[in-house]
Amino acid sequence: MKLSERITQITGGGSDGWDVFYRARRMLSEGHAVTELTIGEHDIRTDPSILQAMDLSARSGHTGYAMVPGTDLLRDTVAARVQTRTGVPTTRNNVLITPGGQAALFAAHMAVCDPGDIGLFLDPFYATYPGTIRGVGAIARAVQTTAEDAFQPKAEWIDAVADGAVSLLINTPNNPTGVVYSHHSLEAVAKVCRRHDLWLISDEVYDTQVWEGEHLSPRALPNMAERTLVVGSMSKSHAMTGSRCGWIVGPEEVISHLINLATHTTYGVPGFVQDASSFALTAGAELEEKIAAPFRRRRALAMDILAAQNTVGLVPAQGAMYLMLDIRATGLSGEGFANALLDTHAIAVMPGESFGMATAGHIRVAMTVDDERFSSALKTLCDFATQRARQHAAE
Ligand code: PMP
């Protein structure tokens with residue numbers, strides 16, 4: 001039987017770039033002690049206070065169908081939070097609650113792309129981006145960024161491929177690079193969106209993990225609220241990856257159509273998860289800081305370790321739970337380096353090539369194991385790189 005082209009083309013065929021990750025998982029299941037610095041998941045679990053709120057909600061009966069657009073309480077909470085953080089007037093009618101940020105990314109593209117339309121995304125990219133755009137039947141077209149520009153988006157690169165496009169997907173703080181887009185870059189992005197009449201889909205799921213500089217939501221830039229859909233999530237800010245709770249913030253008209261989509265797809269998000277999310281979002285900055293603190297600490301440790309050598313380069317580590325390391329001095333590709341490091345030292349990192357062409361010759365390190373193990377693995381990685389670079393220079 002024939003399957004739809006839309007579903008068979010989601011991954012675009014070929015490798016999904018996760019080979020090293022799967023190999024590390026296999027080694028772990030065979031009993032090898034692998035240090036896993038691959039995926040973006042906290043090494044702490046959801047805070048007990050949030051679980052208590054979830055338990056209380058479920059036990060008091062919030063286990064039936066919840067309102068499809070989200071509970072009034074959570075939509076109001078998200079709206080107030082966004083308005084406080086950005087200054088843009090926002091009400092519950094601008095908010096749809098979704099089962100996680102990924103579902104929000106998909107729904108946002110469903111809202112603005114017709115089959116055959118072109119959706120732009122920046123390279124390097126979070127692994128699911130091209131597949132999400134293809135998943136709605138649109139054509140995924142990459143926009144280049146470069147290591148030389150510290151992977152900041154540039155107007156001329158977007159301009160060069162914007163003809164015929166309907167949307168642009170960006171992500172700041174960025175996965176995989178850890179870069180936070182500057183005010184200047186975001187103004188340039190906004191200008192290009194206005195010039196080419198593009199929808200801007202702004203993935204801000206790491207907005208509580210900023211180590212340097214300031215997170216700016218492009219929805220707050222002049223005349224951008226009417227063409228911007230912001231994607232948010234509880235996953236990273238509150239270590240609630242498994243709870244599957246996120247949102248889209250955008251113009252009322254878009255949200256009203258997205259509610260129809262939710263009615264015909266997800267039919268909402270569990271009420272007890274939403275109540276726990278409302279609790280977490282109103283628990284104050286202290287809780288968010290507690291969840292971000294391990295990454296802030298490990299980033300500081302990494303800066304010291306990397307400053308003590310000169311083989312491995314560090315892309316500005318301004319936010320999110322990752323470091324993007326330039327290992328081109330070794331003469332290896334990111335994939336070659338990641339495989340060799342796994343084979344020789346049982347340390348698993350993601351090849352830069354898994355996230356696009358722009359980060360070829362780089363590796364992404366997730367700061368997701370305890371401080372001591374993290375420091376030790378990073379030192380080993382640097383020593384390994386130095387040794388490989390010497391070999392390479394002698395060749
Ligand atoms: N966007 C980015 C950039 C991510 O890194 C992730 C998860 N790793 C997501 C969206 C989706 O997160 P979730 O669906 O858990 O909210």
# chains A, B, ... in the order shown; residues from 1 in each chain; ligands from 1

call {"tool": "residues_around", "arguments": {"residues": "Asp114 of chain A", "least_positions_apart": "5", "cutoff": "8 Å", "atoms": "only C-alpha atoms", "output": "list in words"}}
result
Val136, Gly137 and Ala138 of chain A

call {"tool": "closest_atom_pairs", "arguments": {"of": "chain A", "to": "ligand 1", "cutoff": "8 Å", "atoms": "only C-alpha atoms and all ligand atoms", "output": "JSON lines"}}
result
{"residue": "A:Ile39", "atom": "CA", "partner": "ligand 1", "partner_atom_place_in_ligand_line": "8 (N)", "distance": 7.5}
{"residue": "A:Gly40", "atom": "CA", "partner": "ligand 1", "partner_atom_place_in_ligand_line": "8 (N)", "distance": 5.5}
{"residue": "A:Glu41", "atom": "CA", "partner": "ligand 1", "partner_atom_place_in_ligand_line": "8 (N)", "distance": 7.5}
{"residue": "A:Pro99", "atom": "CA", "partner": "ligand 1", "partner_atom_place_in_ligand_line": "14 (O)", "distance": 7.3}
{"residue": "A:Gly100", "atom": "CA", "partner": "ligand 1", "partner_atom_place_in_ligand_line": "16 (O)", "distance": 3.9}
{"residue": "A:Gly101", "atom": "CA", "partner": "ligand 1", "partner_atom_place_in_ligand_line": "16 (O)", "distance": 3.3}
{"residue": "A:Gln102", "atom": "CA", "partner": "ligand 1", "partner_atom_place_in_ligand_line": "14 (O)", "distance": 3.8}
{"residue": "A:Ala103", "atom": "CA", "partner": "ligand 1", "partner_atom_place_in_ligand_line": "14 (O)", "distance": 6.4}
{"residue": "A:Ala104", "atom": "CA", "partner": "ligand 1", "partner_atom_place_in_ligand_line": "14 (O)", "distance": 7.7}
{"residue": "A:Leu105", "atom": "CA", "partner": "ligand 1", "partner_atom_place_in_ligand_line": "10 (C)", "distance": 7.3}
{"residue": "A:Phe125", "atom": "CA", "partner": "ligand 1", "partner_atom_place_in_ligand_line": "3 (C)", "distance": 7.8}
{"residue": "A:Tyr126", "atom": "CA", "partner": "ligand 1", "partner_atom_place_in_ligand_line": "3 (C)", "distance": 5.2}
{"residue": "A:Asn171", "atom": "CA", "partner": "ligand 1", "partner_atom_place_in_ligand_line": "3 (C)", "distance": 6.0}
{"residue": "A:Thr172", "atom": "CA", "partner": "ligand 1", "partner_atom_place_in_ligand_line": "3 (C)", "distance": 7.9}
{"residue": "A:Asn174", "atom": "CA", "partner": "ligand 1", "partner_atom_place_in_ligand_line": "3 (C)", "distance": 6.4}
{"residue": "A:Asn175", "atom": "CA", "partner": "ligand 1", "partner_atom_place_in_ligand_line": "3 (C)", "distance": 4.9}
{"residue": "A:Pro176", "atom": "CA", "partner": "ligand 1", "partner_atom_place_in_ligand_line": "5 (O)", "distance": 7.6}
{"residue": "A:Asp203", "atom": "CA", "partner": "ligand 1", "partner_atom_place_in_ligand_line": "1 (N)", "distance": 5.9}
{"residue": "A:Glu204", "atom": "CA", "partner": "ligand 1", "partner_atom_place_in_ligand_line": "1 (N)", "distance": 7.4}
{"residue": "A:Val205", "atom": "CA", "partner": "ligand 1", "partner_atom_place_in_ligand_line": "1 (N)", "distance": 5.8}
{"residue": "A:Tyr206", "atom": "CA", "partner": "ligand 1", "partner_atom_place_in_ligand_line": "3 (C)", "distance": 7.3}
{"residue": "A:Val231", "atom": "CA", "partner": "ligand 1", "partner_atom_place_in_ligand_line": "10 (C)", "distance": 7.9}
{"residue": "A:Gly232", "atom": "CA", "partner": "ligand 1", "partner_atom_place_in_ligand_line": "16 (O)", "distance": 7.0}
{"residue": "A:Ser233", "atom": "CA", "partner": "ligand 1", "partner_atom_place_in_ligand_line": "16 (O)", "distance": 4.6}
{"residue": "A:Met234", "atom": "CA", "partner": "ligand 1", "partner_atom_place_in_ligand_line": "16 (O)", "distance": 6.4}
{"residue": "A:Ser235", "atom": "CA", "partner": "ligand 1", "partner_atom_place_in_ligand_line": "15 (O)", "distance": 4.8}
{"residue": "A:Lys236", "atom": "CA", "partner": "ligand 1", "partner_atom_place_in_ligand_line": "15 (O)", "distance": 7.2}
{"residue": "A:Met240", "atom": "CA", "partner": "ligand 1", "partner_atom_place_in_ligand_line": "15 (O)", "distance": 7.8}
{"residue": "A:Thr241", "atom": "CA", "partner": "ligand 1", "partner_atom_place_in_ligand_line": "15 (O)", "distance": 4.9}
{"residue": "A:Gly242", "atom": "CA", "partner": "ligand 1", "partner_atom_place_in_ligand_line": "15 (O)", "distance": 7.3}
{"residue": "A:Arg244", "atom": "CA", "partner": "ligand 1", "partner_atom_place_in_ligand_line": "15 (O)", "distance": 6.1}
{"residue": "A:Cys245", "atom": "CA", "partner": "ligand 1", "partner_atom_place_in_ligand_line": "16 (O)", "distance": 6.5}
{"residue": "A:Gly246", "atom": "CA", "partner": "ligand 1", "partner_atom_place_in_ligand_line": "16 (O)", "distance": 5.6}

call {"tool": "closest_atom_pairs", "arguments": {"of": "segment 14-130 of chain A", "to": "segment 358-361 of chain A", "cutoff": "10 Å", "atoms": "only C-alpha atoms", "output": "Markdown table"}}
result
| residue | atom | partner | partner_atom | distance |
| --- | --- | --- | --- | --- |
| A:Leu122 | CA | A:Ala358 | CA | 9.4 |
| A:Asp123 | CA | A:Ala358 | CA | 5.9 |
| A:Pro124 | CA | A:Ala358 | CA | 5.5 |
| A:Phe125 | CA | A:Ala358 | CA | 9.2 |

call {"tool": "write_last_selection", "arguments": {"atoms": "C-alpha atoms", "output": "PDB file, in the first residue's frame"}}
result
ATOM      1  CA  LEU A 122      18.772  28.641   9.799  1.00  0.00           C
ATOM      2  CA  ASP A 123      21.714  26.259   9.473  1.00  0.00           C
ATOM      3  CA  PRO A 124      22.895  25.007  11.998  1.00  0.00           C
ATOM      4  CA  PHE A 125      19.523  23.868  13.300  1.00  0.00           C
TER       5      PHE A 125
END

call {"tool": "residues_around", "arguments": {"residues": "Leu314 of chain A", "least_positions_apart": "3", "cutoff": "9 Å", "atoms": "only C-alpha atoms", "output": "ChimeraX atom specification"}}
result
/A:303,306,317,323-326

call {"tool": "residues_around", "arguments": {"residues": "Ala188 of chain A", "least_positions_apart": "6", "cutoff": "9 Å", "atoms": "only C-alpha atoms", "output": "JSON, numbers by chain"}}
result
{"A": [153, 154, 155]}

call {"tool": "write_last_selection", "arguments": {"atoms": "N, CA and C atoms", "output": "mmCIF file, in the first residue's frame"}}
result
data_model
loop_
_atom_site.group_PDB
_atom_site.id
_atom_site.type_symbol
_atom_site.label_atom_id
_atom_site.label_comp_id
_atom_site.auth_asym_id
_atom_site.auth_seq_id
_atom_site.Cartn_x
_atom_site.Cartn_y
_atom_site.Cartn_z
ATOM 1 N N PRO A 153 22.565 35.199 12.650
ATOM 2 C CA PRO A 153 21.907 35.329 11.343
ATOM 3 C C PRO A 153 22.269 36.660 10.692
ATOM 4 N N LYS A 154 22.415 36.631 9.382
ATOM 5 C CA LYS A 154 22.769 37.848 8.635
ATOM 6 C C LYS A 154 21.692 38.112 7.586
ATOM 7 N N ALA A 155 21.290 39.370 7.454
ATOM 8 C CA ALA A 155 20.210 39.729 6.531
ATOM 9 C C ALA A 155 20.525 39.275 5.108
#

call {"tool": "select_by_dssp", "arguments": {"residues": "segment 211-358 of chain A", "states": "helix (DSSP H, G or I)", "output": "ChimeraX atom specification"}}
result
/A:218-220,225-227,234-237,241-243,252-263,271-282,285-307,328-330,334-345,352-355

call {"tool": "select_by_dssp", "arguments": {"residues": "segment 247-392 of chain A", "states": "strand (DSSP E)", "output": "PDB file with all heavy atoms, in the first residue's frame"}}
result
ATOM      1  N   TRP A 247       3.797  25.962  24.369  1.00  0.00           N
ATOM      2  CA  TRP A 247       2.786  26.904  23.884  1.00  0.00           C
ATOM      3  C   TRP A 247       3.236  27.632  22.630  1.00  0.00           C
ATOM      4  O   TRP A 247       4.413  27.640  22.275  1.00  0.00           O
ATOM      5  CB  TRP A 247       2.452  27.932  24.967  1.00  0.00           C
ATOM      6  CG  TRP A 247       3.639  28.666  25.522  1.00  0.00           C
ATOM      7  CD1 TRP A 247       4.268  29.751  24.986  1.00  0.00           C
ATOM      8  CD2 TRP A 247       4.341  28.368  26.738  1.00  0.00           C
ATOM      9  NE1 TRP A 247       5.314  30.151  25.794  1.00  0.00           N
ATOM     10  CE2 TRP A 247       5.383  29.319  26.876  1.00  0.00           C
ATOM     11  CE3 TRP A 247       4.188  27.382  27.733  1.00  0.00           C
ATOM     12  CZ2 TRP A 247       6.263  29.307  27.945  1.00  0.00           C
ATOM     13  CZ3 TRP A 247       5.079  27.385  28.807  1.00  0.00           C
ATOM     14  CH2 TRP A 247       6.093  28.337  28.905  1.00  0.00           C
ATOM     15  N   ILE A 248       2.237  28.242  22.002  1.00  0.00           N
ATOM     16  CA  ILE A 248       2.486  29.202  20.923  1.00  0.00           C
ATOM     17  C   ILE A 248       1.863  30.521  21.369  1.00  0.00           C
ATOM     18  O   ILE A 248       0.725  30.537  21.861  1.00  0.00           O
ATOM     19  CB  ILE A 248       1.803  28.773  19.607  1.00  0.00           C
ATOM     20  CG1 ILE A 248       2.354  27.426  19.144  1.00  0.00           C
ATOM     21  CG2 ILE A 248       2.011  29.834  18.522  1.00  0.00           C
ATOM     22  CD1 ILE A 248       1.680  26.921  17.885  1.00  0.00           C
ATOM     23  N   VAL A 249       2.612  31.593  21.201  1.00  0.00           N
ATOM     24  CA  VAL A 249       2.064  32.931  21.432  1.00  0.00           C
ATOM     25  C   VAL A 249       2.063  33.652  20.091  1.00  0.00           C
ATOM     26  O   VAL A 249       3.090  33.672  19.393  1.00  0.00           O
ATOM     27  CB  VAL A 249       2.912  33.707  22.466  1.00  0.00           C
ATOM     28  CG1 VAL A 249       2.437  35.156  22.574  1.00  0.00           C
ATOM     29  CG2 VAL A 249       2.842  33.026  23.830  1.00  0.00           C
ATOM     30  N   GLY A 313      38.493  25.244  19.752  1.00  0.00           N
ATOM     31  CA  GLY A 313      37.904  26.585  19.809  1.00  0.00           C
ATOM     32  C   GLY A 313      36.502  26.521  20.386  1.00  0.00           C
ATOM     33  O   GLY A 313      35.815  25.508  20.264  1.00  0.00           O
ATOM     34  N   LEU A 314      36.088  27.592  21.049  1.00  0.00           N
ATOM     35  CA  LEU A 314      34.750  27.628  21.636  1.00  0.00           C
ATOM     36  C   LEU A 314      33.907  28.697  20.936  1.00  0.00           C
ATOM     37  O   LEU A 314      34.281  29.863  20.903  1.00  0.00           O
ATOM     38  CB  LEU A 314      34.843  27.940  23.137  1.00  0.00           C
ATOM     39  CG  LEU A 314      33.522  28.160  23.874  1.00  0.00           C
ATOM     40  CD1 LEU A 314      32.681  26.882  23.901  1.00  0.00           C
ATOM     41  CD2 LEU A 314      33.777  28.635  25.304  1.00  0.00           C
ATOM     42  N   TYR A 322      24.398  23.760  25.972  1.00  0.00           N
ATOM     43  CA  TYR A 322      25.374  23.145  25.065  1.00  0.00           C
ATOM     44  C   TYR A 322      26.600  24.020  24.875  1.00  0.00           C
ATOM     45  O   TYR A 322      26.527  25.252  24.989  1.00  0.00           O
ATOM     46  CB  TYR A 322      24.728  22.928  23.686  1.00  0.00           C
ATOM     47  CG  TYR A 322      23.364  22.323  23.757  1.00  0.00           C
ATOM     48  CD1 TYR A 322      22.216  23.114  23.664  1.00  0.00           C
ATOM     49  CD2 TYR A 322      23.204  20.957  23.961  1.00  0.00           C
ATOM     50  CE1 TYR A 322      20.953  22.565  23.757  1.00  0.00           C
ATOM     51  CE2 TYR A 322      21.943  20.406  24.053  1.00  0.00           C
ATOM     52  CZ  TYR A 322      20.815  21.208  23.948  1.00  0.00           C
ATOM     53  OH  TYR A 322      19.568  20.658  24.052  1.00  0.00           O
ATOM     54  N   LEU A 323      27.705  23.355  24.524  1.00  0.00           N
ATOM     55  CA  LEU A 323      28.895  24.049  24.037  1.00  0.00           C
ATOM     56  C   LEU A 323      29.113  23.570  22.616  1.00  0.00           C
ATOM     57  O   LEU A 323      29.005  22.375  22.347  1.00  0.00           O
ATOM     58  CB  LEU A 323      30.133  23.660  24.857  1.00  0.00           C
ATOM     59  CG  LEU A 323      30.073  23.852  26.364  1.00  0.00           C
ATOM     60  CD1 LEU A 323      31.319  23.235  26.997  1.00  0.00           C
ATOM     61  CD2 LEU A 323      29.975  25.342  26.693  1.00  0.00           C
ATOM     62  N   MET A 324      29.429  24.490  21.716  1.00  0.00           N
ATOM     63  CA  MET A 324      29.797  24.098  20.354  1.00  0.00           C
ATOM     64  C   MET A 324      31.297  24.311  20.217  1.00  0.00           C
ATOM     65  O   MET A 324      31.786  25.428  20.386  1.00  0.00           O
ATOM     66  CB  MET A 324      29.024  24.942  19.340  1.00  0.00           C
ATOM     67  CG  MET A 324      29.280  24.582  17.889  1.00  0.00           C
ATOM     68  SD  MET A 324      28.887  22.878  17.423  1.00  0.00           S
ATOM     69  CE  MET A 324      27.094  22.925  17.332  1.00  0.00           C
ATOM     70  N   LEU A 325      32.005  23.215  19.987  1.00  0.00           N
ATOM     71  CA  LEU A 325      33.467  23.276  19.965  1.00  0.00           C
ATOM     72  C   LEU A 325      33.987  23.090  18.545  1.00  0.00           C
ATOM     73  O   LEU A 325      33.548  22.194  17.815  1.00  0.00           O
ATOM     74  CB  LEU A 325      34.044  22.186  20.879  1.00  0.00           C
ATOM     75  CG  LEU A 325      33.587  22.237  22.347  1.00  0.00           C
ATOM     76  CD1 LEU A 325      34.238  21.104  23.142  1.00  0.00           C
ATOM     77  CD2 LEU A 325      33.916  23.581  22.985  1.00  0.00           C
ATOM     78  N   ASP A 326      34.924  23.935  18.198  1.00  0.00           N
ATOM     79  CA  ASP A 326      35.549  23.897  16.872  1.00  0.00           C
ATOM     80  C   ASP A 326      36.772  22.975  16.955  1.00  0.00           C
ATOM     81  O   ASP A 326      37.735  23.285  17.659  1.00  0.00           O
ATOM     82  CB  ASP A 326      35.964  25.328  16.505  1.00  0.00           C
ATOM     83  CG  ASP A 326      36.597  25.428  15.131  1.00  0.00           C
ATOM     84  OD1 ASP A 326      36.945  24.378  14.545  1.00  0.00           O
ATOM     85  OD2 ASP A 326      36.767  26.571  14.651  1.00  0.00           O
ATOM     86  N   ILE A 347      33.513   8.573  25.504  1.00  0.00           N
ATOM     87  CA  ILE A 347      32.812   9.848  25.712  1.00  0.00           C
ATOM     88  C   ILE A 347      31.989  10.109  24.450  1.00  0.00           C
ATOM     89  O   ILE A 347      32.522  10.099  23.336  1.00  0.00           O
ATOM     90  CB  ILE A 347      33.808  11.004  25.942  1.00  0.00           C
ATOM     91  CG1 ILE A 347      34.600  10.758  27.228  1.00  0.00           C
ATOM     92  CG2 ILE A 347      33.082  12.345  25.997  1.00  0.00           C
ATOM     93  CD1 ILE A 347      35.776  11.705  27.419  1.00  0.00           C
ATOM     94  N   ALA A 348      30.682  10.332  24.653  1.00  0.00           N
ATOM     95  CA  ALA A 348      29.792  10.530  23.491  1.00  0.00           C
ATOM     96  C   ALA A 348      29.400  11.994  23.358  1.00  0.00           C
ATOM     97  O   ALA A 348      28.892  12.602  24.306  1.00  0.00           O
ATOM     98  CB  ALA A 348      28.543   9.667  23.652  1.00  0.00           C
ATOM     99  N   VAL A 349      29.698  12.577  22.194  1.00  0.00           N
ATOM    100  CA  VAL A 349      29.276  13.947  21.876  1.00  0.00           C
ATOM    101  C   VAL A 349      28.591  13.911  20.512  1.00  0.00           C
ATOM    102  O   VAL A 349      28.683  12.914  19.798  1.00  0.00           O
ATOM    103  CB  VAL A 349      30.490  14.916  21.828  1.00  0.00           C
ATOM    104  CG1 VAL A 349      31.175  14.992  23.181  1.00  0.00           C
ATOM    105  CG2 VAL A 349      31.493  14.503  20.746  1.00  0.00           C
ATOM    106  N   MET A 350      27.912  14.977  20.154  1.00  0.00           N
ATOM    107  CA  MET A 350      27.219  15.001  18.861  1.00  0.00           C
ATOM    108  C   MET A 350      28.099  15.647  17.792  1.00  0.00           C
ATOM    109  O   MET A 350      28.651  16.734  18.027  1.00  0.00           O
ATOM    110  CB  MET A 350      25.918  15.809  18.965  1.00  0.00           C
ATOM    111  CG  MET A 350      24.835  15.160  19.804  1.00  0.00           C
ATOM    112  SD  MET A 350      24.247  13.588  19.142  1.00  0.00           S
ATOM    113  CE  MET A 350      23.324  14.146  17.712  1.00  0.00           C
ATOM    114  N   PRO A 351      28.232  15.023  16.618  1.00  0.00           N
ATOM    115  CA  PRO A 351      28.963  15.669  15.527  1.00  0.00           C
ATOM    116  C   PRO A 351      28.237  16.934  15.076  1.00  0.00           C
ATOM    117  O   PRO A 351      27.003  16.926  14.996  1.00  0.00           O
ATOM    118  CB  PRO A 351      28.915  14.630  14.398  1.00  0.00           C
ATOM    119  CG  PRO A 351      28.420  13.362  15.010  1.00  0.00           C
ATOM    120  CD  PRO A 351      27.664  13.718  16.242  1.00  0.00           C
ATOM    121  N   HIS A 362      32.860  20.683  13.773  1.00  0.00           N
ATOM    122  CA  HIS A 362      32.582  21.060  15.169  1.00  0.00           C
ATOM    123  C   HIS A 362      31.946  19.860  15.876  1.00  0.00           C
ATOM    124  O   HIS A 362      31.491  18.913  15.229  1.00  0.00           O
ATOM    125  CB  HIS A 362      31.591  22.232  15.238  1.00  0.00           C
ATOM    126  CG  HIS A 362      32.145  23.547  14.778  1.00  0.00           C
ATOM    127  ND1 HIS A 362      32.490  23.793  13.469  1.00  0.00           N
ATOM    128  CD2 HIS A 362      32.399  24.693  15.448  1.00  0.00           C
ATOM    129  CE1 HIS A 362      32.942  25.043  13.360  1.00  0.00           C
ATOM    130  NE2 HIS A 362      32.899  25.601  14.551  1.00  0.00           N
ATOM    131  N   ILE A 363      31.895  19.944  17.183  1.00  0.00           N
ATOM    132  CA  ILE A 363      31.117  18.962  17.951  1.00  0.00           C
ATOM    133  C   ILE A 363      30.264  19.718  18.970  1.00  0.00           C
ATOM    134  O   ILE A 363      30.665  20.792  19.431  1.00  0.00           O
ATOM    135  CB  ILE A 363      32.012  17.939  18.691  1.00  0.00           C
ATOM    136  CG1 ILE A 363      33.099  18.658  19.493  1.00  0.00           C
ATOM    137  CG2 ILE A 363      32.605  16.921  17.733  1.00  0.00           C
ATOM    138  CD1 ILE A 363      33.761  17.783  20.516  1.00  0.00           C
ATOM    139  N   ARG A 364      29.101  19.150  19.289  1.00  0.00           N
ATOM    140  CA  ARG A 364      28.268  19.752  20.326  1.00  0.00           C
ATOM    141  C   ARG A 364      28.377  18.931  21.597  1.00  0.00           C
ATOM    142  O   ARG A 364      28.198  17.706  21.577  1.00  0.00           O
ATOM    143  CB  ARG A 364      26.801  19.818  19.883  1.00  0.00           C
ATOM    144  CG  ARG A 364      25.954  20.653  20.833  1.00  0.00           C
ATOM    145  CD  ARG A 364      24.475  20.449  20.611  1.00  0.00           C
ATOM    146  NE  ARG A 364      24.018  19.160  21.090  1.00  0.00           N
ATOM    147  CZ  ARG A 364      22.735  18.773  21.123  1.00  0.00           C
ATOM    148  NH1 ARG A 364      21.799  19.582  20.669  1.00  0.00           N
ATOM    149  NH2 ARG A 364      22.407  17.572  21.577  1.00  0.00           N
ATOM    150  N   VAL A 365      28.663  19.621  22.691  1.00  0.00           N
ATOM    151  CA  VAL A 365      28.800  18.962  23.990  1.00  0.00           C
ATOM    152  C   VAL A 365      27.639  19.426  24.870  1.00  0.00           C
ATOM    153  O   VAL A 365      27.497  20.624  25.139  1.00  0.00           O
ATOM    154  CB  VAL A 365      30.148  19.361  24.645  1.00  0.00           C
ATOM    155  CG1 VAL A 365      30.242  18.806  26.057  1.00  0.00           C
ATOM    156  CG2 VAL A 365      31.314  18.883  23.791  1.00  0.00           C
ATOM    157  N   ALA A 366      26.798  18.489  25.299  1.00  0.00           N
ATOM    158  CA  ALA A 366      25.714  18.841  26.229  1.00  0.00           C
ATOM    159  C   ALA A 366      26.273  18.804  27.651  1.00  0.00           C
ATOM    160  O   ALA A 366      26.976  17.860  28.019  1.00  0.00           O
ATOM    161  CB  ALA A 366      24.559  17.852  26.079  1.00  0.00           C
TER     162      ALA A 366
END

call {"tool": "atom_distance", "arguments": {"atom1": "atom CA of Phe121 of chain A", "atom2": "atom CA of Ala165 of chain A"}}
result
10.5 Å

call {"tool": "atom_distance", "arguments": {"atom1": "atom CA of Val269 of chain A", "atom2": "atom CA of Leu73 of chain A"}}
result
13.2 Å

call {"tool": "atom_distance", "arguments": {"atom1": "atom CA of Leu216 of chain A", "atom2": "atom CA of Arg85 of chain A"}}
result
9.1 Å

call {"tool": "closest_residue", "arguments": {"among": "A:Leu51, A:Val230, A:Ala140, A:Leu198", "to": "Ala107 of chain A", "atoms": "only C-alpha atoms"}}
result
A:Val230

call {"tool": "closest_residue", "arguments": {"among": "A:Leu28, A:Ala283, A:Val189, A:Ala377", "to": "Ile305 of chain A", "atoms": "only C-alpha atoms"}}
result
A:Ala377

call {"tool": "closest_residue", "arguments": {"among": "A:Leu229, A:Ile255, A:Met357, A:Ala220", "to": "Gly87 of chain A", "atoms": "only C-alpha atoms"}}
result
A:Ala220

call {"tool": "residues_around", "arguments": {"residues": "Ala150 of chain A", "least_positions_apart": "3", "cutoff": "10 Å", "atoms": "only C-alpha atoms", "output": "list of chain:residue names"}}
result
A:Thr145, A:Thr146, A:Ala147, A:Pro153, A:Thr177, A:Val179, A:Val180, A:Tyr181, A:Leu314, A:Val315, A:Pro316

call {"tool": "closest_residue", "arguments": {"among": "A:Gly319, A:Thr35, A:Gly356, A:Asp55", "to": "Glu335 of chain A", "atoms": "only C-alpha atoms"}}
result
A:Gly356

call {"tool": "residues_around", "arguments": {"residues": "segment 60-68 of chain A", "least_positions_apart": "2", "cutoff": "8 Å", "atoms": "only C-alpha atoms", "output": "PyMOL selection string"}}
result
chain A and resi 56-58+70-71+259+262-263+267-272

call {"tool": "write_last_selection", "arguments": {"atoms": "N, CA, C and O atoms", "output": "short mmCIF file (atom, residue, chain, number, x, y, z; two decimals), in the first residue's frame"}}
result
data_model
loop_
_atom_site.label_atom_id
_atom_site.label_comp_id
_atom_site.auth_asym_id
_atom_site.auth_seq_id
_atom_site.Cartn_x
_atom_site.Cartn_y
_atom_site.Cartn_z
N LEU A 56 -1.60 17.03 43.42
CA LEU A 56 -2.76 17.67 44.04
C LEU A 56 -3.86 17.90 43.00
O LEU A 56 -5.04 17.61 43.24
N SER A 57 -3.45 18.37 41.82
CA SER A 57 -4.42 18.64 40.76
C SER A 57 -5.11 17.35 40.31
O SER A 57 -6.34 17.30 40.18
N ALA A 58 -4.29 16.31 40.09
CA ALA A 58 -4.86 15.05 39.61
C ALA A 58 -5.81 14.46 40.65
O ALA A 58 -6.92 14.03 40.34
N GLY A 70 -6.15 25.10 26.15
CA GLY A 70 -5.39 25.22 27.39
C GLY A 70 -6.31 25.74 28.47
O GLY A 70 -7.35 26.35 28.17
N THR A 71 -5.96 25.50 29.74
CA THR A 71 -6.81 26.01 30.82
C THR A 71 -6.70 27.54 30.84
O THR A 71 -5.66 28.10 30.46
N ILE A 259 -6.53 26.63 17.41
CA ILE A 259 -7.42 25.89 18.33
C ILE A 259 -8.19 24.83 17.53
O ILE A 259 -8.37 23.69 17.98
N ALA A 262 -5.83 22.01 17.02
CA ALA A 262 -5.67 21.22 18.26
C ALA A 262 -6.89 20.32 18.47
O ALA A 262 -6.76 19.16 18.86
N THR A 263 -8.08 20.85 18.17
CA THR A 263 -9.31 20.06 18.34
C THR A 263 -9.26 18.80 17.48
O THR A 263 -9.76 17.74 17.86
N TYR A 267 -6.24 17.33 20.88
CA TYR A 267 -7.35 17.54 21.82
C TYR A 267 -6.87 17.97 23.20
O TYR A 267 -7.39 17.56 24.23
N GLY A 268 -5.84 18.77 23.19
CA GLY A 268 -5.43 19.42 24.44
C GLY A 268 -4.31 18.71 25.18
O GLY A 268 -3.74 17.73 24.71
N VAL A 269 -4.02 19.23 26.35
CA VAL A 269 -2.91 18.78 27.20
C VAL A 269 -3.51 18.43 28.56
O VAL A 269 -4.42 19.15 29.03
N PRO A 270 -3.05 17.35 29.22
CA PRO A 270 -3.65 16.96 30.50
C PRO A 270 -3.74 18.12 31.50
O PRO A 270 -2.79 18.88 31.67
N GLY A 271 -4.91 18.24 32.13
CA GLY A 271 -5.16 19.35 33.05
C GLY A 271 -4.19 19.38 34.22
O GLY A 271 -3.75 20.45 34.65
N PHE A 272 -3.83 18.19 34.74
CA PHE A 272 -2.92 18.19 35.90
C PHE A 272 -1.52 18.64 35.51
O PHE A 272 -0.81 19.24 36.32
#

call {"tool": "closest_residue", "arguments": {"among": "A:Thr265, A:Ser256, A:Ser354, A:Ser376", "to": "Phe21 of chain A", "atoms": "only C-alpha atoms"}}
result
A:Ser354

call {"tool": "residues_around", "arguments": {"residues": "Val88 of chain A", "least_positions_apart": "2", "cutoff": "10 Å", "atoms": "only C-alpha atoms", "output": "CSV table (one decimal) with C-alpha atoms, in the first residue's frame"}}
result
chain,number,residue,atom,x,y,z
A,79,ALA,CA,0.3,35.6,28.7
A,80,ALA,CA,1.3,37.5,31.8
A,82,VAL,CA,5.3,37.0,28.1
A,83,GLN,CA,3.9,40.5,28.6
A,84,THR,CA,6.2,41.0,31.7
A,85,ARG,CA,9.3,39.8,29.9
A,86,THR,CA,8.7,41.6,26.5
A,90,THR,CA,-0.6,39.7,25.5
A,91,THR,CA,-3.8,38.0,26.7
A,217,SER,CA,12.1,38.1,21.8
A,219,ARG,CA,8.0,39.6,18.8
A,220,ALA,CA,8.8,42.8,20.8
A,221,LEU,CA,10.4,44.5,17.8
A,225,ALA,CA,3.9,41.0,16.9
